[in-house]
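Trainee: Structure below; questions to follow.
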Amino acid sequence: MGIVPLAKALELAQEYDLDLVEVAANARPPVCKLMDYGKFKYESAMKAREARKNQAHTVIKEMKLRPKIDPHDYDTKKGHVVRFLKQGDKVKITIMFRGREQSRPELGYRLLQRLAEDVQDLGFVESNPKQDGRNMIMVLGPHKKKTEAMAEARQAQEARKAEAKANPGKSQNAAETESAVETEAPAEASAEA
């Protein structure tokens with residue numbers, strides 16, 4: 001509308017049943033808009049909520065090991081590290097030494113190197129192993145960002161929901177079992193012929 005005196009702008013706002021909102025106070029002359037201020041506040045709050053929903057906080061997860069870890073326990077701990085890296089989180093691996101184990105830090109170093117090699121397709125060594133008193137610490141970082149991991153998880157969840165809608169009343173395990181039975185049945189029929 002161009003430059004308008006304040007009294008005329010207030011009259012226009014009352015005429016259209018809107019609010020006169022100052023948008024740029026530092027401009028000369030100040031810039032104002034005629035709008036429904038309550039609706040504007042609501043929409044800006046919704047945009048901020050949506051932005052926070054898509055925002056990802058990088059979390060450092062911690063996994064503690066001992067130098068003389070059993071192979072099965074190592075596999076379990078490695079599985080947790082893999083899950084954390086797939087979720088886009090950093091992982092701090094701590095090897096705790098007790099008693100005479102402190103005189104053999106190379107055992108912990110080799111264990112950390114082995115773990116880093118086992119998960120190198122999902123993450124990289126962000127902080128090399130270093131001795132810190134009775135502990136040896138290494139930090140692994142994920143290759144993909146947290147937002148990418150969240151997007152992939154969301155897509156997988158939507159695919160599962162679509163599958164559930166396509167096959168109502170069946171669990172995923174039942175559907176997999178049924179498809180396996182269907183593939184075995186023609187093989188048996190051809191063997192009988």
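In the structure tokens, chains take the letters A, B, ... in the order shown, each chain's residues start at 1, and ligands count up from 1 in the order shown.
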Where in segment 85-115 of chain A does DSSP assign strand (DSSP E or B), given as a PyMOL selection string?
Mentor: chain A and resi 90-96
Trainee: Go ahead and save the residues from that selection, with N, CA, C and O atoms, as a compact mmCIF listing (two decimals), in the first residue's frame.
Mentor:
# COMPACT_ATOMS: atom_id res chain seq x y z
N LYS A 90 27.32 -41.81 17.51
CA LYS A 90 28.73 -42.10 17.76
C LYS A 90 28.81 -43.13 18.88
O LYS A 90 27.92 -43.22 19.73
N VAL A 91 29.88 -43.92 18.89
CA VAL A 91 30.05 -44.94 19.91
C VAL A 91 31.41 -44.78 20.56
O VAL A 91 32.43 -44.75 19.88
N LYS A 92 31.41 -44.68 21.88
CA LYS A 92 32.65 -44.61 22.65
C LYS A 92 32.89 -46.00 23.23
O LYS A 92 32.06 -46.51 23.98
N ILE A 93 34.00 -46.61 22.84
CA ILE A 93 34.31 -47.96 23.32
C ILE A 93 35.38 -47.84 24.39
O ILE A 93 36.42 -47.23 24.17
N THR A 94 35.09 -48.41 25.55
CA THR A 94 36.01 -48.35 26.68
C THR A 94 36.44 -49.76 27.05
O THR A 94 35.60 -50.63 27.25
N ILE A 95 37.75 -49.96 27.12
CA ILE A 95 38.29 -51.24 27.60
C ILE A 95 38.75 -51.00 29.04
O ILE A 95 39.56 -50.10 29.28
N MET A 96 38.22 -51.77 29.97
CA MET A 96 38.55 -51.59 31.38
C MET A 96 39.60 -52.63 31.78
O MET A 96 39.38 -53.84 31.62
Trainee: Give me, as CSV, each residue of segment 19-76 of chain A that comes within 10 Å of segment 131-135 of chain A, together with its shortest interatomic pair and the distance in Å at one decimal, counting only C-alpha atoms, with rows ordered by chain and rising residue number.
Mentor:
residue,atom,partner,partner_atom,distance
A:Lys64,CA,A:Asn135,CA,9.7
A:Leu65,CA,A:Asn135,CA,9.8
A:Arg66,CA,A:Asn135,CA,9.5
Trainee: Got time to write the residues from that selection, all heavy atoms, as a compact mmCIF listing (two decimals), in the first residue's frame?
Mentor:
# COMPACT_ATOMS: atom_id res chain seq x y z
N LYS A 64 31.25 -50.84 27.00
CA LYS A 64 32.39 -51.19 27.85
C LYS A 64 32.76 -52.65 27.62
O LYS A 64 31.88 -53.51 27.57
CB LYS A 64 32.07 -50.95 29.32
CG LYS A 64 31.88 -49.49 29.64
CD LYS A 64 31.74 -49.24 31.11
CE LYS A 64 31.66 -47.75 31.37
NZ LYS A 64 31.68 -47.44 32.78
N LEU A 65 34.05 -52.90 27.48
CA LEU A 65 34.56 -54.24 27.25
C LEU A 65 35.69 -54.52 28.24
O LEU A 65 36.26 -53.61 28.84
CB LEU A 65 35.12 -54.38 25.83
CG LEU A 65 34.22 -54.02 24.66
CD1 LEU A 65 35.04 -53.95 23.39
CD2 LEU A 65 33.12 -55.02 24.51
N ARG A 66 36.04 -55.79 28.36
CA ARG A 66 37.22 -56.20 29.13
C ARG A 66 38.20 -56.84 28.16
O ARG A 66 37.80 -57.39 27.14
CB ARG A 66 36.81 -57.23 30.19
CG ARG A 66 35.84 -56.72 31.26
CD ARG A 66 36.50 -55.77 32.23
NE ARG A 66 37.76 -56.27 32.71
CZ ARG A 66 37.91 -57.16 33.69
NH1 ARG A 66 36.85 -57.64 34.29
NH2 ARG A 66 39.09 -57.55 34.06
Trainee: Report, in Å with one decimal, the straight-line distance from atom CA of Leu18 of chain A to atom CA of Tyr37 of chain A.
Mentor: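 Between these atoms lies a distance of 7.8 Å.
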Trainee: Go through A:Gln157, A:Thr76, A:Thr147, A:Gln102 one by one, measure the shortest atom-to-atom distance of each to Lys53 of chain A using only C-alpha atoms, and give the residue with the smallest value.
Mentor: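 So, comparing all the options, the nearest one is A:Thr147.
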Trainee: From the options A:Glu11, A:Glu152, A:Glu22, A:Asp118, which residue's atoms come nearest to Tyr74 of chain A, counting only C-alpha atoms?
Mentor: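 Among A:Glu11, A:Glu152, A:Glu22, A:Asp118, it is A:Asp118 that comes nearest to Tyr74 of chain A.
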Trainee: Given the choices A:Lys8, A:Tyr109, A:Leu115, A:Met35, which gets closest to Val21 of chain A if the distance is worked out from only C-alpha atoms?
Mentor: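 Using only C-alpha atoms, Val21 of chain A sits closest to A:Met35.
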Trainee: What is the atom CA of Ala13 of chain A to atom CA of Leu34 of chain A distance in Å?
Mentor: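 Value for the atom CA of Ala13 of chain A-atom CA of Leu34 of chain A distance: 6.2 Å.
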Trainee: Hey, can you check how far atom CA of Lys145 of chain A sits from atom CA of Val82 of chain A?
Mentor: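 Interatomic distance here is 14.4 Å.
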Trainee: Excluding same-chain residues fewer than 6 positions from segment 123-129 of chain A, what lies within 10 Å of it counting only C-alpha atoms, as a ChimeraX atom specification?
Mentor: /A:81-82,84-86,88-95,108-110,112-113,116-117,136-144
Trainee: Go ahead and save the picked residues with N, CA, C and O atoms, as a tab-separated table (two decimals), in the first residue's frame.
Mentor:
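Writing done, so here's again.tsv:
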chain	number	residue	atom	x	y	z
A	81	VAL	N	27.12	-52.22	18.94
A	81	VAL	CA	27.86	-51.14	18.28
A	81	VAL	C	27.34	-50.95	16.86
A	81	VAL	O	27.13	-49.83	16.40
A	82	VAL	N	27.08	-52.06	16.15
A	82	VAL	CA	26.54	-51.98	14.78
A	82	VAL	C	25.19	-51.29	14.78
A	82	VAL	O	24.92	-50.41	13.95
A	84	PHE	N	24.03	-49.12	16.98
A	84	PHE	CA	24.21	-47.70	17.27
A	84	PHE	C	24.70	-46.95	16.04
A	84	PHE	O	24.23	-45.85	15.74
A	85	LEU	N	25.66	-47.53	15.31
A	85	LEU	CA	26.20	-46.87	14.12
A	85	LEU	C	25.14	-46.77	13.03
A	85	LEU	O	25.07	-45.77	12.32
A	86	LYS	N	24.29	-47.80	12.89
A	86	LYS	CA	23.21	-47.75	11.89
A	86	LYS	C	22.21	-46.65	12.22
A	86	LYS	O	21.61	-46.06	11.33
A	88	GLY	N	23.03	-43.89	13.42
A	88	GLY	CA	23.70	-42.61	13.20
A	88	GLY	C	24.33	-42.02	14.45
A	88	GLY	O	24.67	-40.84	14.46
A	89	ASP	N	24.49	-42.81	15.50
A	89	ASP	CA	25.09	-42.32	16.74
A	89	ASP	C	26.58	-42.64	16.78
A	89	ASP	O	27.04	-43.62	16.20
A	90	LYS	N	27.32	-41.81	17.51
A	90	LYS	CA	28.73	-42.10	17.76
A	90	LYS	C	28.81	-43.13	18.88
A	90	LYS	O	27.92	-43.22	19.73
A	91	VAL	N	29.88	-43.92	18.89
A	91	VAL	CA	30.05	-44.94	19.91
A	91	VAL	C	31.41	-44.78	20.56
A	91	VAL	O	32.43	-44.75	19.88
A	92	LYS	N	31.41	-44.68	21.88
A	92	LYS	CA	32.65	-44.61	22.65
A	92	LYS	C	32.89	-46.00	23.23
A	92	LYS	O	32.06	-46.51	23.98
A	93	ILE	N	34.00	-46.61	22.84
A	93	ILE	CA	34.31	-47.96	23.32
A	93	ILE	C	35.38	-47.84	24.39
A	93	ILE	O	36.42	-47.23	24.17
A	94	THR	N	35.09	-48.41	25.55
A	94	THR	CA	36.01	-48.35	26.68
A	94	THR	C	36.44	-49.76	27.05
A	94	THR	O	35.60	-50.63	27.25
A	95	ILE	N	37.75	-49.96	27.12
A	95	ILE	CA	38.29	-51.24	27.60
A	95	ILE	C	38.75	-51.00	29.04
A	95	ILE	O	39.56	-50.10	29.28
A	108	GLY	N	44.22	-54.79	24.88
A	108	GLY	CA	43.10	-53.88	24.66
A	108	GLY	C	43.19	-53.19	23.31
A	108	GLY	O	42.20	-53.03	22.61
A	109	TYR	N	44.43	-52.80	22.95
A	109	TYR	CA	44.62	-52.12	21.66
A	109	TYR	C	44.24	-53.04	20.51
A	109	TYR	O	43.54	-52.62	19.58
A	110	ARG	N	44.66	-54.31	20.58
A	110	ARG	CA	44.31	-55.27	19.51
A	110	ARG	C	42.80	-55.50	19.45
A	110	ARG	O	42.23	-55.61	18.36
A	112	LEU	N	40.44	-53.37	20.29
A	112	LEU	CA	39.82	-52.18	19.69
A	112	LEU	C	40.05	-52.14	18.18
A	112	LEU	O	39.14	-51.79	17.42
A	113	GLN	N	41.26	-52.52	17.74
A	113	GLN	CA	41.54	-52.56	16.30
A	113	GLN	C	40.65	-53.59	15.60
A	113	GLN	O	40.13	-53.35	14.52
A	116	ALA	N	37.18	-52.18	15.30
A	116	ALA	CA	37.13	-51.14	14.27
A	116	ALA	C	37.11	-51.77	12.88
A	116	ALA	O	36.39	-51.30	11.99
A	117	GLU	N	37.86	-52.84	12.66
A	117	GLU	CA	37.87	-53.53	11.36
A	117	GLU	C	36.52	-54.21	11.10
A	117	GLU	O	36.04	-54.22	9.97
A	136	MET	N	41.15	-47.83	28.38
A	136	MET	CA	41.60	-47.45	27.05
A	136	MET	C	40.34	-47.07	26.28
A	136	MET	O	39.35	-47.81	26.28
A	137	ILE	N	40.37	-45.90	25.61
A	137	ILE	CA	39.17	-45.36	25.00
A	137	ILE	C	39.38	-45.14	23.51
A	137	ILE	O	40.44	-44.70	23.08
A	138	MET	N	38.34	-45.46	22.72
A	138	MET	CA	38.32	-45.20	21.29
A	138	MET	C	36.91	-44.73	20.93
A	138	MET	O	35.93	-45.21	21.50
A	139	VAL	N	36.80	-43.80	19.98
A	139	VAL	CA	35.48	-43.31	19.55
A	139	VAL	C	35.28	-43.64	18.08
A	139	VAL	O	36.15	-43.37	17.25
A	140	LEU	N	34.13	-44.26	17.77
A	140	LEU	CA	33.76	-44.57	16.39
A	140	LEU	C	32.64	-43.62	15.96
A	140	LEU	O	31.70	-43.39	16.72
A	141	GLY	N	32.76	-43.10	14.75
A	141	GLY	CA	31.73	-42.23	14.20
A	141	GLY	C	31.05	-42.92	13.03
A	141	GLY	O	31.67	-43.68	12.29
A	142	PRO	N	29.76	-42.67	12.82
A	142	PRO	CA	29.03	-43.32	11.72
A	142	PRO	C	29.37	-42.67	10.38
A	142	PRO	O	29.70	-41.48	10.32
A	143	HIS	N	29.28	-43.45	9.29
A	143	HIS	CA	29.49	-42.90	7.95
A	143	HIS	C	28.31	-42.01	7.55
A	143	HIS	O	28.49	-40.99	6.92
A	144	LYS	N	27.08	-42.43	7.90
A	144	LYS	CA	25.92	-41.63	7.51
A	144	LYS	C	25.45	-40.79	8.69
A	144	LYS	O	25.63	-41.16	9.85
Trainee: Let me make sure I understand: among A:Met63, A:Ala166, A:Met150, A:Ile3, which one has the smallest atom-to-atom distance to Arg28 of chain A if we use only C-alpha atoms?
Mentor: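 When distances to Arg28 of chain A are compared using only C-alpha atoms, the smallest one comes from A:Ile3.
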Trainee: Give me every helix (DSSP H, G or I) residue in segment 11-164 of chain A, going by DSSP on the backbone, as an NGL selection string.
Mentor: :A and (11-15 or 37-54 or 71-86 or 99-103 or 105-118 or 146-164)
